[in-house]
file data.pdb (PDB, C-alpha atoms)
MODEL        1
ATOM      1  CA  MET A   1      -5.319  -8.301  19.122
ATOM      2  CA  ALA A   2      -9.085  -8.404  18.516
ATOM      3  CA  LEU A   3     -10.502  -4.899  18.248
ATOM      4  CA  SER A   4     -12.710  -3.618  21.045
ATOM      5  CA  THR A   5     -16.272  -2.432  20.466
ATOM      6  CA  GLU A   6     -15.013   1.128  20.977
ATOM      7  CA  GLN A   7     -12.253   0.666  18.366
ATOM      8  CA  ILE A   8     -14.678  -0.788  15.835
ATOM      9  CA  SER A   9     -17.082   2.108  16.383
ATOM     10  CA  LYS A  10     -14.259   4.601  15.878
ATOM     11  CA  PHE A  11     -13.174   2.866  12.673
ATOM     12  CA  GLU A  12     -16.740   2.877  11.347
ATOM     13  CA  LYS A  13     -17.034   6.582  12.192
ATOM     14  CA  ASP A  14     -13.656   7.788  10.864
ATOM     15  CA  GLY A  15     -12.696   5.230   8.194
ATOM     16  CA  TYR A  16      -9.304   4.603   9.806
ATOM     17  CA  LEU A  17      -8.011   3.326  13.140
ATOM     18  CA  LEU A  18      -4.655   3.557  14.879
ATOM     19  CA  VAL A  19      -3.640   0.318  16.617
ATOM     20  CA  GLU A  20      -0.597   0.984  18.768
ATOM     21  CA  ASP A  21       2.131  -1.575  19.527
ATOM     22  CA  PHE A  22       0.990  -3.964  16.812
ATOM     23  CA  LEU A  23       4.580  -5.114  16.218
ATOM     24  CA  SER A  24       7.453  -5.147  18.662
ATOM     25  CA  ALA A  25      10.592  -3.138  17.926
ATOM     26  CA  ASP A  26      12.378  -6.432  17.188
ATOM     27  CA  ASP A  27       9.678  -7.446  14.696
ATOM     28  CA  CYS A  28      10.057  -4.103  12.936
ATOM     29  CA  ASP A  29      13.831  -4.457  12.826
ATOM     30  CA  GLN A  30      13.523  -7.937  11.321
ATOM     31  CA  LEU A  31      11.363  -6.623   8.474
ATOM     32  CA  MET A  32      13.767  -3.758   7.854
ATOM     33  CA  SER A  33      16.653  -6.220   7.819
ATOM     34  CA  ALA A  34      14.809  -8.466   5.351
ATOM     35  CA  CYS A  35      14.218  -5.436   3.133
ATOM     36  CA  HIS A  36      17.875  -4.416   3.415
ATOM     37  CA  ASP A  37      18.868  -7.881   2.184
ATOM     38  CA  LEU A  38      16.507  -7.600  -0.794
ATOM     39  CA  VAL A  39      17.978  -4.249  -1.793
ATOM     40  CA  THR A  40      21.545  -5.506  -1.309
ATOM     41  CA  ASP A  41      20.857  -8.358  -3.746
ATOM     42  CA  MET A  42      18.976  -6.134  -6.198
ATOM     43  CA  LYS A  43      20.731  -5.298  -9.485
ATOM     44  CA  PRO A  44      19.618  -1.745 -10.400
ATOM     45  CA  GLU A  45      20.176  -2.237 -14.118
ATOM     46  CA  GLU A  46      17.463  -4.926 -14.138
ATOM     47  CA  HIS A  47      14.809  -2.615 -12.688
ATOM     48  CA  ASN A  48      14.177   0.580 -14.598
ATOM     49  CA  THR A  49      10.807   1.831 -13.398
ATOM     50  CA  VAL A  50      10.492   5.206 -11.686
ATOM     51  CA  PHE A  51       7.504   5.570  -9.364
ATOM     52  CA  THR A  52       6.403   9.210  -9.236
ATOM     53  CA  THR A  53       3.799   9.431  -6.498
ATOM     54  CA  LEU A  54       2.957  13.079  -7.140
ATOM     55  CA  GLU A  55       1.649  12.418 -10.633
ATOM     56  CA  MET A  56       0.790   8.787  -9.961
ATOM     57  CA  LYS A  57       2.695   7.693 -13.058
ATOM     58  CA  ARG A  58       2.091   4.060 -12.282
ATOM     59  CA  THR A  59      -0.008   3.576 -15.374
ATOM     60  CA  SER A  60       2.095   2.998 -18.475
ATOM     61  CA  ASP A  61       4.626   0.399 -17.514
ATOM     62  CA  ASP A  62       4.488  -3.351 -18.122
ATOM     63  CA  TYR A  63       7.047  -3.827 -15.338
ATOM     64  CA  PHE A  64       4.489  -2.410 -12.900
ATOM     65  CA  MET A  65       1.487  -4.161 -14.428
ATOM     66  CA  THR A  66       3.088  -7.605 -14.124
ATOM     67  CA  SER A  67       4.431  -7.118 -10.586
ATOM     68  CA  GLY A  68       1.512  -8.669  -8.716
ATOM     69  CA  ASP A  69       3.185 -12.063  -8.395
ATOM     70  CA  LYS A  70       6.782 -10.828  -8.056
ATOM     71  CA  ILE A  71       9.083  -8.759  -5.862
ATOM     72  CA  ARG A  72       9.952  -5.700  -7.916
ATOM     73  CA  PHE A  73      11.789  -2.474  -7.236
ATOM     74  CA  PHE A  74      10.538   1.032  -8.043
ATOM     75  CA  PHE A  75      12.926   3.981  -7.945
ATOM     76  CA  GLU A  76      12.452   7.545  -6.785
ATOM     77  CA  ASP A  77      12.324  10.152  -9.505
ATOM     78  CA  GLY A  78      15.888  11.401  -9.993
ATOM     79  CA  ALA A  79      17.596   8.264  -8.700
ATOM     80  CA  LYS A  80      18.905   7.423 -12.195
ATOM     81  CA  ASP A  81      20.380   9.459 -15.019
ATOM     82  CA  LYS A  82      19.053   9.521 -18.585
ATOM     83  CA  GLU A  83      21.060   6.426 -19.433
ATOM     84  CA  GLY A  84      19.483   4.496 -16.576
ATOM     85  CA  ASN A  85      22.545   4.539 -14.336
ATOM     86  CA  LEU A  86      22.034   4.874 -10.618
ATOM     87  CA  ILE A  87      23.327   8.232  -9.359
ATOM     88  CA  VAL A  88      22.543   7.825  -5.651
ATOM     89  CA  ASP A  89      23.307   5.133  -3.086
ATOM     90  CA  LYS A  90      21.313   1.997  -3.913
ATOM     91  CA  HIS A  91      19.785   1.847  -0.439
ATOM     92  CA  LYS A  92      18.613   5.462  -0.782
ATOM     93  CA  SER A  93      17.250   5.160  -4.318
ATOM     94  CA  LEU A  94      13.939   3.340  -3.942
ATOM     95  CA  ASN A  95      10.380   4.573  -3.612
ATOM     96  CA  LYS A  96       8.888   1.142  -2.935
ATOM     97  CA  ILE A  97       9.118  -2.621  -3.354
ATOM     98  CA  GLY A  98       6.039  -4.622  -4.410
ATOM     99  CA  HIS A  99       3.750  -6.432  -4.803
ATOM    100  CA  ALA A 100       4.061 -10.059  -3.604
ATOM    101  CA  LEU A 101       6.294  -9.712  -0.545
ATOM    102  CA  HIS A 102       3.560 -11.389   1.508
ATOM    103  CA  VAL A 103       3.951 -14.587  -0.493
ATOM    104  CA  LEU A 104       7.538 -14.662  -1.718
ATOM    105  CA  ASN A 105       9.508 -13.420   1.307
ATOM    106  CA  PRO A 106       9.362 -15.439   4.566
ATOM    107  CA  ALA A 107       9.754 -12.458   6.911
ATOM    108  CA  PHE A 108       6.891 -10.524   5.332
ATOM    109  CA  ARG A 109       4.750 -13.647   4.949
ATOM    110  CA  LYS A 110       5.106 -14.339   8.679
ATOM    111  CA  VAL A 111       3.825 -10.878   9.654
ATOM    112  CA  THR A 112       1.050 -10.757   7.049
ATOM    113  CA  PHE A 113      -0.509 -14.059   8.100
ATOM    114  CA  ASP A 114       0.079 -13.652  11.822
ATOM    115  CA  ASN A 115      -2.801 -14.462  14.161
ATOM    116  CA  LYS A 116      -2.971 -10.774  15.144
ATOM    117  CA  VAL A 117      -3.891  -9.888  11.569
ATOM    118  CA  LYS A 118      -6.511 -12.643  11.526
ATOM    119  CA  GLU A 119      -8.053 -11.324  14.742
ATOM    120  CA  ILE A 120      -8.365  -7.831  13.287
ATOM    121  CA  ALA A 121      -9.986  -9.210  10.132
ATOM    122  CA  LYS A 122     -12.455 -11.177  12.242
ATOM    123  CA  SER A 123     -13.186  -8.054  14.298
ATOM    124  CA  LEU A 124     -14.133  -6.321  11.041
ATOM    125  CA  LYS A 125     -16.445  -9.279  10.288
ATOM    126  CA  LEU A 126     -14.515 -10.320   7.183
ATOM    127  CA  GLU A 127     -15.726 -13.816   6.339
ATOM    128  CA  ASP A 128     -13.345 -14.873   3.575
ATOM    129  CA  PRO A 129     -10.539 -12.287   3.349
ATOM    130  CA  VAL A 130      -7.719 -12.665   0.834
ATOM    131  CA  ILE A 131      -4.448 -10.744   0.620
ATOM    132  CA  CYS A 132      -4.140  -9.193  -2.829
ATOM    133  CA  GLN A 133      -0.931  -7.137  -2.637
ATOM    134  CA  SER A 134       1.845  -5.945  -0.355
ATOM    135  CA  MET A 135       4.372  -3.124  -0.470
ATOM    136  CA  TYR A 136       7.416  -1.874   1.387
ATOM    137  CA  ILE A 137       7.316   1.912   1.062
ATOM    138  CA  PHE A 138      10.316   4.159   1.651
ATOM    139  CA  LYS A 139      10.115   7.844   2.455
ATOM    140  CA  GLN A 140      13.770   8.571   1.811
ATOM    141  CA  PRO A 141      15.296  11.362   3.957
ATOM    142  CA  GLY A 142      14.940  14.716   2.254
ATOM    143  CA  ILE A 143      13.568  13.345  -1.017
ATOM    144  CA  GLY A 144      10.644  11.102  -0.066
ATOM    145  CA  GLY A 145       7.829  12.318  -2.279
ATOM    146  CA  GLU A 146       4.338  13.589  -1.527
ATOM    147  CA  VAL A 147       1.414  11.204  -2.092
ATOM    148  CA  LEU A 148      -1.640  13.143  -3.194
ATOM    149  CA  PRO A 149      -5.066  12.627  -1.566
ATOM    150  CA  HIS A 150      -6.640   9.430  -2.840
ATOM    151  CA  GLN A 151      -8.875   6.481  -2.042
ATOM    152  CA  ASP A 152      -7.359   3.005  -2.261
ATOM    153  CA  ALA A 153     -10.562   1.724  -3.896
ATOM    154  CA  THR A 154      -9.723   3.890  -6.922
ATOM    155  CA  PHE A 155      -6.953   1.387  -7.674
ATOM    156  CA  LEU A 156      -8.367  -1.850  -6.220
ATOM    157  CA  ASN A 157     -12.123  -1.833  -6.706
ATOM    158  CA  THR A 158     -14.597  -4.359  -5.345
ATOM    159  CA  THR A 159     -18.399  -4.527  -5.461
ATOM    160  CA  PRO A 160     -19.567  -4.025  -2.794
ATOM    161  CA  MET A 161     -16.595  -2.120  -1.316
ATOM    162  CA  LYS A 162     -14.843  -4.556   1.012
ATOM    163  CA  LEU A 163     -11.215  -3.430   0.631
ATOM    164  CA  TYR A 164      -8.979  -2.669   3.618
ATOM    165  CA  GLY A 165      -5.357  -1.638   4.014
ATOM    166  CA  LEU A 166      -3.134  -2.499   6.975
ATOM    167  CA  TRP A 167      -0.268   0.016   7.224
ATOM    168  CA  ILE A 168       2.550  -0.767   9.670
ATOM    169  CA  ALA A 169       5.148   1.810  10.733
ATOM    170  CA  LEU A 170       8.596   0.228  10.948
ATOM    171  CA  GLU A 171       9.974   3.580  12.139
ATOM    172  CA  ASP A 172       8.321   6.541  13.826
ATOM    173  CA  ALA A 173       6.118   8.362  11.299
ATOM    174  CA  THR A 174       6.059  12.056  12.207
ATOM    175  CA  LEU A 175       4.811  15.353  10.836
ATOM    176  CA  GLU A 176       8.347  16.015   9.605
ATOM    177  CA  ASN A 177       9.057  12.746   7.796
ATOM    178  CA  GLY A 178       5.712  12.127   6.107
ATOM    179  CA  CYS A 179       3.062  10.563   8.360
ATOM    180  CA  LEU A 180      -0.401   9.785   7.037
ATOM    181  CA  TRP A 181      -3.157  12.399   6.949
ATOM    182  CA  PHE A 182      -6.849  11.431   6.804
ATOM    183  CA  MET A 183     -10.159  13.085   6.074
ATOM    184  CA  PRO A 184     -12.260  11.516   8.840
ATOM    185  CA  GLY A 185     -15.603  10.136   7.715
ATOM    186  CA  SER A 186     -14.825  10.529   4.009
ATOM    187  CA  HIS A 187     -15.334   6.796   3.444
ATOM    188  CA  LYS A 188     -19.074   7.361   3.837
ATOM    189  CA  ASP A 189     -19.229   9.262   0.550
ATOM    190  CA  GLY A 190     -18.353   6.274  -1.626
ATOM    191  CA  LEU A 191     -15.946   6.477  -4.545
ATOM    192  CA  ASN A 192     -15.590  10.201  -5.173
ATOM    193  CA  GLY A 193     -16.415  11.177  -8.727
ATOM    194  CA  GLY A 194     -16.591   7.475  -9.588
ATOM    195  CA  ARG A 195     -12.852   7.731 -10.227
ATOM    196  CA  GLN A 196     -11.194   4.384 -10.936
ATOM    197  CA  MET A 197      -7.893   3.398 -12.467
ATOM    198  CA  ILE A 198      -8.718   0.666 -14.978
ATOM    199  CA  ARG A 199      -6.937  -1.355 -17.626
ATOM    200  CA  ASN A 200      -6.969   0.683 -20.815
ATOM    201  CA  PRO A 201      -9.494  -0.804 -23.277
ATOM    202  CA  ASP A 202      -7.385   0.749 -26.044
ATOM    203  CA  THR A 203      -4.550  -1.774 -26.328
ATOM    204  CA  SER A 204      -2.976  -0.268 -29.433
ATOM    205  CA  GLU A 205       0.746   0.392 -29.466
ATOM    206  CA  GLY A 206       1.899   3.454 -27.565
ATOM    207  CA  GLN A 207      -1.177   3.719 -25.372
ATOM    208  CA  PRO A 208      -0.860   3.690 -21.555
ATOM    209  CA  LEU A 209      -1.758   0.365 -20.003
ATOM    210  CA  THR A 210      -4.181   1.970 -17.565
ATOM    211  CA  VAL A 211      -6.437   5.006 -17.617
ATOM    212  CA  PHE A 212      -8.587   6.862 -15.102
ATOM    213  CA  THR A 213     -12.354   6.959 -15.564
ATOM    214  CA  ALA A 214     -12.644  10.492 -14.165
ATOM    215  CA  PRO A 215     -10.390  13.474 -13.391
ATOM    216  CA  PRO A 216      -8.736  13.870  -9.968
ATOM    217  CA  VAL A 217     -10.999  15.051  -7.167
ATOM    218  CA  LYS A 218     -10.023  18.283  -5.431
ATOM    219  CA  TYR A 219     -10.132  18.128  -1.648
ATOM    220  CA  ASP A 220     -10.128  20.795   1.053
ATOM    221  CA  ASP A 221      -6.745  20.585   2.790
ATOM    222  CA  SER A 222      -8.225  21.988   5.999
ATOM    223  CA  LYS A 223     -10.295  18.832   6.475
ATOM    224  CA  PHE A 224      -7.276  16.525   6.802
ATOM    225  CA  ILE A 225      -6.013  15.386  10.200
ATOM    226  CA  PRO A 226      -2.411  14.155  10.672
ATOM    227  CA  VAL A 227      -1.872  10.758  12.268
ATOM    228  CA  PRO A 228       1.720  10.541  13.513
ATOM    229  CA  VAL A 229       2.501   7.077  14.872
ATOM    230  CA  LYS A 230       5.229   5.312  16.776
ATOM    231  CA  LYS A 231       7.361   2.472  15.449
ATOM    232  CA  GLY A 232       5.375  -0.775  15.530
ATOM    233  CA  SER A 233       1.960   0.894  15.289
ATOM    234  CA  MET A 234      -0.535  -0.109  12.631
ATOM    235  CA  VAL A 235      -3.220   1.933  10.884
ATOM    236  CA  VAL A 236      -6.301   0.136   9.546
ATOM    237  CA  ILE A 237      -7.486   1.962   6.410
ATOM    238  CA  HIS A 238     -10.952   1.674   4.871
ATOM    239  CA  GLY A 239     -10.746   1.383   1.089
ATOM    240  CA  GLU A 240     -12.769   4.556   0.523
ATOM    241  CA  VAL A 241     -11.335   6.890   3.176
ATOM    242  CA  VAL A 242      -9.411   9.811   1.638
ATOM    243  CA  HIS A 243      -5.803   9.993   2.808
ATOM    244  CA  LYS A 244      -2.428  11.407   1.791
ATOM    245  CA  SER A 245       1.142  11.927   2.991
ATOM    246  CA  GLU A 246       3.489  14.890   2.639
ATOM    247  CA  HIS A 247       7.110  15.201   1.503
ATOM    248  CA  ASN A 248       9.764  13.879   3.844
ATOM    249  CA  LYS A 249      11.773  17.028   4.431
ATOM    250  CA  SER A 250      13.604  15.622   7.451
ATOM    251  CA  ASN A 251      16.886  13.756   7.714
ATOM    252  CA  LYS A 252      15.106  10.638   9.000
ATOM    253  CA  SER A 253      13.608   7.897   6.868
ATOM    254  CA  ARG A 254       9.996   6.728   7.225
ATOM    255  CA  GLU A 255       9.818   3.093   6.176
ATOM    256  CA  ILE A 256       6.579   1.139   6.348
ATOM    257  CA  TYR A 257       5.104  -2.213   5.348
ATOM    258  CA  THR A 258       1.556  -2.273   4.050
ATOM    259  CA  PHE A 259      -0.759  -4.797   2.471
ATOM    260  CA  HIS A 260      -4.320  -4.879   1.175
ATOM    261  CA  LEU A 261      -7.006  -7.447   1.702
ATOM    262  CA  PHE A 262     -10.624  -7.747   0.679
ATOM    263  CA  ASP A 263     -13.478 -10.000   1.728
ATOM    264  CA  GLN A 264     -14.278 -12.139  -1.296
ATOM    265  CA  LYS A 265     -17.464 -13.479   0.293
ATOM    266  CA  ASN A 266     -20.334 -12.246  -1.923
ATOM    267  CA  THR A 267     -17.929  -9.746  -3.475
ATOM    268  CA  THR A 268     -16.879  -9.112  -7.074
ATOM    269  CA  TYR A 269     -13.278  -8.055  -7.633
ATOM    270  CA  SER A 270     -13.148  -5.892 -10.741
ATOM    271  CA  LYS A 271     -11.551  -7.500 -13.793
ATOM    272  CA  GLN A 272     -10.647  -3.938 -14.831
ATOM    273  CA  ASN A 273      -8.281  -3.489 -11.858
ATOM    274  CA  TRP A 274      -4.592  -3.300 -12.798
ATOM    275  CA  LEU A 275      -3.819  -6.046 -10.283
ATOM    276  CA  GLN A 276      -5.139  -9.500 -11.108
ATOM    277  CA  PRO A 277      -4.418 -12.870  -9.486
ATOM    278  CA  THR A 278      -2.139 -15.246 -11.368
ATOM    279  CA  ALA A 279      -1.559 -18.989 -11.335
ATOM    280  CA  GLU A 280       1.810 -18.355  -9.664
ATOM    281  CA  VAL A 281       0.390 -16.084  -6.936
ATOM    282  CA  PRO A 282      -3.388 -16.270  -6.537
ATOM    283  CA  PHE A 283      -4.971 -14.006  -3.954
ATOM    284  CA  THR A 284      -4.092 -15.801  -0.734
ATOM    285  CA  PRO A 285      -6.757 -16.574   1.899
ATOM    286  CA  LEU A 286      -5.973 -15.078   5.286
ATOM    287  CA  TYR A 287      -7.619 -17.911   7.173
ATOM    288  CA  PRO A 288      -9.473 -21.121   6.368
ATOM    289  CA  THR A 289     -13.185 -20.556   5.981
ATOM    290  CA  ASN A 290     -14.086 -24.224   6.500
ATOM    291  CA  PRO A 291     -11.613 -25.645   9.019
ATOM    292  CA  ALA A 292     -11.690 -29.408   9.402
TER
ENDMDL
END
call {"tool": "encode", "arguments": {"input": "data.pdb", "output": "structure tokens"}}
result
Amino acid sequence: MALSTEQISKFEKDGYLLVEDFLSADDCDQLMSACHDLVTDMKPEEHNTVFTTLEMKRTSDDYFMTSGDKIRFFFEDGAKDKEGNLIVDKHKSLNKIGHALHVLNPAFRKVTFDNKVKEIAKSLKLEDPVICQSMYIFKQPGIGGEVLPHQDATFLNTTPMKLYGLWIALEDATLENGCLWFMPGSHKDGLNGGRQMIRNPDTSEGQPLTVFTAPPVKYDDSKFIPVPVKKGSMVVIHGEVVHKSEHNKSNKSREIYTFHLFDQKNTTYSKQNWLQPTAEVPFTPLYPTNPA
């Protein structure tokens, strides 16, 4: 699964790369089954965070901020009533699950640390990559929300920028159900507006736990290119490429598994990032750097 010279050149040019047939249909089905089991066992009353992608209201909730070493469940806006009771089918209520699936669930751990992932990391010349977070993202039929244009490095910042996302389609991702859209080459502009989401230095009561260092950047919609992909395909995403996804207005779900890694060799991971390693789940090396 090592990337060819042509693929690497395309990734360096565009800031993203489609890798087809990364997982087999059976592999995809196994991850979806593992997710189904997690949701079946989930008790909705124990998980009360709504994840509103449109406004990126991920910033004021301790449940989110302490999810880096746990498997936690984030609901779609409107899935619960004012009293916190679920008003839709449990399996249709979630926006995402995160952020330590790659460590705490065997099925997701197996895929994340597969040799194919290691080969791609080596192709990108990552010397000491670590996995910092993972997510299972639902685009529920008819209600799956829009994700506004953004750069992943806004939320997970490293100096220099050595962050990458691996985004795996467990079902076909189409124009109708919310495939990714990219602004090719936008990773070459750095962090637009210097916008970062950081831990709020004002820790007084009632303040949000994170804040942005700059207002949202406005992008020209005409510069985005859709990237529909087949089940089992993977998209490699540079941490500074601008991307988005639209509403799922179809009657078909668009479920994906994604995780982020960065090369910690000669790299500083910002202590202001919302996500920090813990004793329970440190950032996990993808491969040994000094094999015996």
call {"tool": "closest_residue", "arguments": {"input": "data.pdb", "among": "A:Asp14, A:Asp21, A:Asp77, A:Asp41", "to": "A:Ser186", "atoms": "all atoms listed in the file"}}
result
A:Asp14
call {"tool": "residues_around", "arguments": {"input": "data.pdb", "residues": "stretch 146-155 of chain A", "least_positions_apart": "5", "cutoff": "9 Å", "atoms": "all atoms listed in the file", "output": "VMD selection string"}}
result
chain A and resid 52 to 56 161 163 to 165 178 181 to 182 187 191 to 192 194 to 198 212 216 to 219 237 to 248 273 to 275
call {"tool": "resolve_selection", "arguments": {"input": "data.pdb", "expression": "the PyMOL selection byres ((chain A and resi 137-144) around 6)", "output": "PyMOL selection string"}}
result
chain A and resi 95-96+136+145+247-256
call {"tool": "atom_distance", "arguments": {"input": "data.pdb", "atom1": "atom CA of A:Gly84", "atom2": "atom CA of A:Lys43"}}
result
12.2 Å
call {"tool": "axis_aligned_box", "arguments": {"input": "data.pdb", "around": "stretch 166-182 of chain A", "padding_each_side": "6 Å", "output": "JSON"}}
result
{"center_x": 1.6, "center_y": 6.8, "center_z": 10.0, "size_x": 28.8, "size_y": 30.5, "size_z": 19.7}
call {"tool": "resolve_selection", "arguments": {"input": "data.pdb", "expression": "the PyMOL selection byres ((chain A and resi 7) around 12)", "output": "JSON, numbers by chain"}}
result
{"A": [1, 2, 3, 4, 5, 6, 8, 9, 10, 11, 12, 13, 14, 15, 16, 17, 18, 19, 20, 120, 123, 124, 235, 236]}
call {"tool": "resolve_selection", "arguments": {"input": "data.pdb", "expression": "the PyMOL selection byres ((chain A and resi 167-174) around 6)", "output": "number ranges by chain"}}
result
A: 28, 166, 175-177, 179, 228-235, 254-258
call {"tool": "closest_residue", "arguments": {"input": "data.pdb", "among": "A:Leu126, A:Val211, A:Val117, A:Met42", "to": "A:Thr267", "atoms": "only C-alpha atoms"}}
result
A:Leu126
call {"tool": "closest_residue", "arguments": {"input": "data.pdb", "among": "A:Met32, A:Val39, A:Val281, A:Leu261", "to": "A:Phe74", "atoms": "all atoms listed in the file"}}
result
A:Val39
call {"tool": "atom_distance", "arguments": {"input": "data.pdb", "atom1": "atom CA of A:Leu101", "atom2": "atom CA of A:Asp114"}}
result
14.4 Å
call {"tool": "atom_distance", "arguments": {"input": "data.pdb", "atom1": "atom CA of A:Thr210", "atom2": "atom CA of A:Arg72"}}
result
18.8 Å
call {"tool": "closest_residue", "arguments": {"input": "data.pdb", "among": "A:Thr203, A:Asn266, A:Asn115, A:Ser134", "to": "A:Thr284", "atoms": "all atoms listed in the file"}}
result
A:Ser134
call {"tool": "closest_residue", "arguments": {"input": "data.pdb", "among": "A:Gly78, A:Pro184, A:Pro160, A:Pro106", "to": "A:Pro226", "atoms": "only C-alpha atoms"}}
result
A:Pro184
call {"tool": "closest_residue", "arguments": {"input": "data.pdb", "among": "A:Phe262, A:Phe22, A:Phe75, A:Phe64", "to": "A:Val88", "atoms": "only C-alpha atoms"}}
result
A:Phe75
call {"tool": "build_atoms", "arguments": {"input": "data.pdb", "residues": "stretch 19-35 of chain A", "atoms": "N, CA, C and O atoms", "output": "mmCIF file, keeping the file's coordinate frame"}}
result
data_model
loop_
_atom_site.group_PDB
_atom_site.id
_atom_site.type_symbol
_atom_site.label_atom_id
_atom_site.label_comp_id
_atom_site.auth_asym_id
_atom_site.auth_seq_id
_atom_site.Cartn_x
_atom_site.Cartn_y
_atom_site.Cartn_z
ATOM 1 N N VAL A 19 -3.837 1.420 15.672
ATOM 2 C CA VAL A 19 -3.640 0.318 16.617
ATOM 3 C C VAL A 19 -2.187 0.371 17.063
ATOM 4 O O VAL A 19 -1.274 0.047 16.295
ATOM 5 N N GLU A 20 -1.962 0.815 18.285
ATOM 6 C CA GLU A 20 -0.597 0.984 18.768
ATOM 7 C C GLU A 20 0.022 -0.347 19.172
ATOM 8 O O GLU A 20 -0.675 -1.304 19.514
ATOM 9 N N ASP A 21 1.359 -0.396 19.081
ATOM 10 C CA ASP A 21 2.131 -1.575 19.527
ATOM 11 C C ASP A 21 1.673 -2.860 18.843
ATOM 12 O O ASP A 21 1.592 -3.919 19.468
ATOM 13 N N PHE A 22 1.390 -2.760 17.551
ATOM 14 C CA PHE A 22 0.990 -3.964 16.812
ATOM 15 C C PHE A 22 2.179 -4.905 16.634
ATOM 16 O O PHE A 22 2.055 -6.121 16.787
ATOM 17 N N LEU A 23 3.344 -4.338 16.313
ATOM 18 C CA LEU A 23 4.580 -5.114 16.218
ATOM 19 C C LEU A 23 5.563 -4.632 17.272
ATOM 20 O O LEU A 23 5.578 -3.442 17.616
ATOM 21 N N SER A 24 6.383 -5.540 17.748
ATOM 22 C CA SER A 24 7.453 -5.147 18.662
ATOM 23 C C SER A 24 8.566 -4.463 17.872
ATOM 24 O O SER A 24 8.635 -4.569 16.637
ATOM 25 N N ALA A 25 9.446 -3.778 18.579
ATOM 26 C CA ALA A 25 10.592 -3.138 17.926
ATOM 27 C C ALA A 25 11.445 -4.181 17.210
ATOM 28 O O ALA A 25 11.944 -3.936 16.097
ATOM 29 N N ASP A 26 11.601 -5.360 17.822
ATOM 30 C CA ASP A 26 12.378 -6.432 17.188
ATOM 31 C C ASP A 26 11.726 -6.906 15.898
ATOM 32 O O ASP A 26 12.410 -7.168 14.899
ATOM 33 N N ASP A 27 10.393 -7.034 15.905
ATOM 34 C CA ASP A 27 9.678 -7.446 14.696
ATOM 35 C C ASP A 27 9.899 -6.432 13.571
ATOM 36 O O ASP A 27 10.122 -6.807 12.412
ATOM 37 N N CYS A 28 9.826 -5.157 13.932
ATOM 38 C CA CYS A 28 10.057 -4.103 12.936
ATOM 39 C C CYS A 28 11.474 -4.193 12.368
ATOM 40 O O CYS A 28 11.680 -4.107 11.147
ATOM 41 N N ASP A 29 12.434 -4.385 13.257
ATOM 42 C CA ASP A 29 13.831 -4.457 12.826
ATOM 43 C C ASP A 29 14.065 -5.657 11.916
ATOM 44 O O ASP A 29 14.866 -5.578 10.967
ATOM 45 N N GLN A 30 13.373 -6.754 12.172
ATOM 46 C CA GLN A 30 13.523 -7.937 11.321
ATOM 47 C C GLN A 30 13.001 -7.681 9.912
ATOM 48 O O GLN A 30 13.610 -8.116 8.924
ATOM 49 N N LEU A 31 11.881 -6.952 9.800
ATOM 50 C CA LEU A 31 11.363 -6.623 8.474
ATOM 51 C C LEU A 31 12.295 -5.653 7.749
ATOM 52 O O LEU A 31 12.534 -5.794 6.538
ATOM 53 N N MET A 32 12.834 -4.697 8.476
ATOM 54 C CA MET A 32 13.767 -3.758 7.854
ATOM 55 C C MET A 32 15.036 -4.472 7.408
ATOM 56 O O MET A 32 15.596 -4.172 6.346
ATOM 57 N N SER A 33 15.483 -5.441 8.192
ATOM 58 C CA SER A 33 16.653 -6.220 7.819
ATOM 59 C C SER A 33 16.378 -7.068 6.582
ATOM 60 O O SER A 33 17.225 -7.170 5.676
ATOM 61 N N ALA A 34 15.183 -7.672 6.525
ATOM 62 C CA ALA A 34 14.809 -8.466 5.351
ATOM 63 C C ALA A 34 14.764 -7.593 4.107
ATOM 64 O O ALA A 34 15.203 -8.000 3.018
ATOM 65 N N CYS A 35 14.251 -6.366 4.256
ATOM 66 C CA CYS A 35 14.218 -5.436 3.133
ATOM 67 C C CYS A 35 15.635 -5.038 2.717
ATOM 68 O O CYS A 35 15.948 -4.986 1.520
#
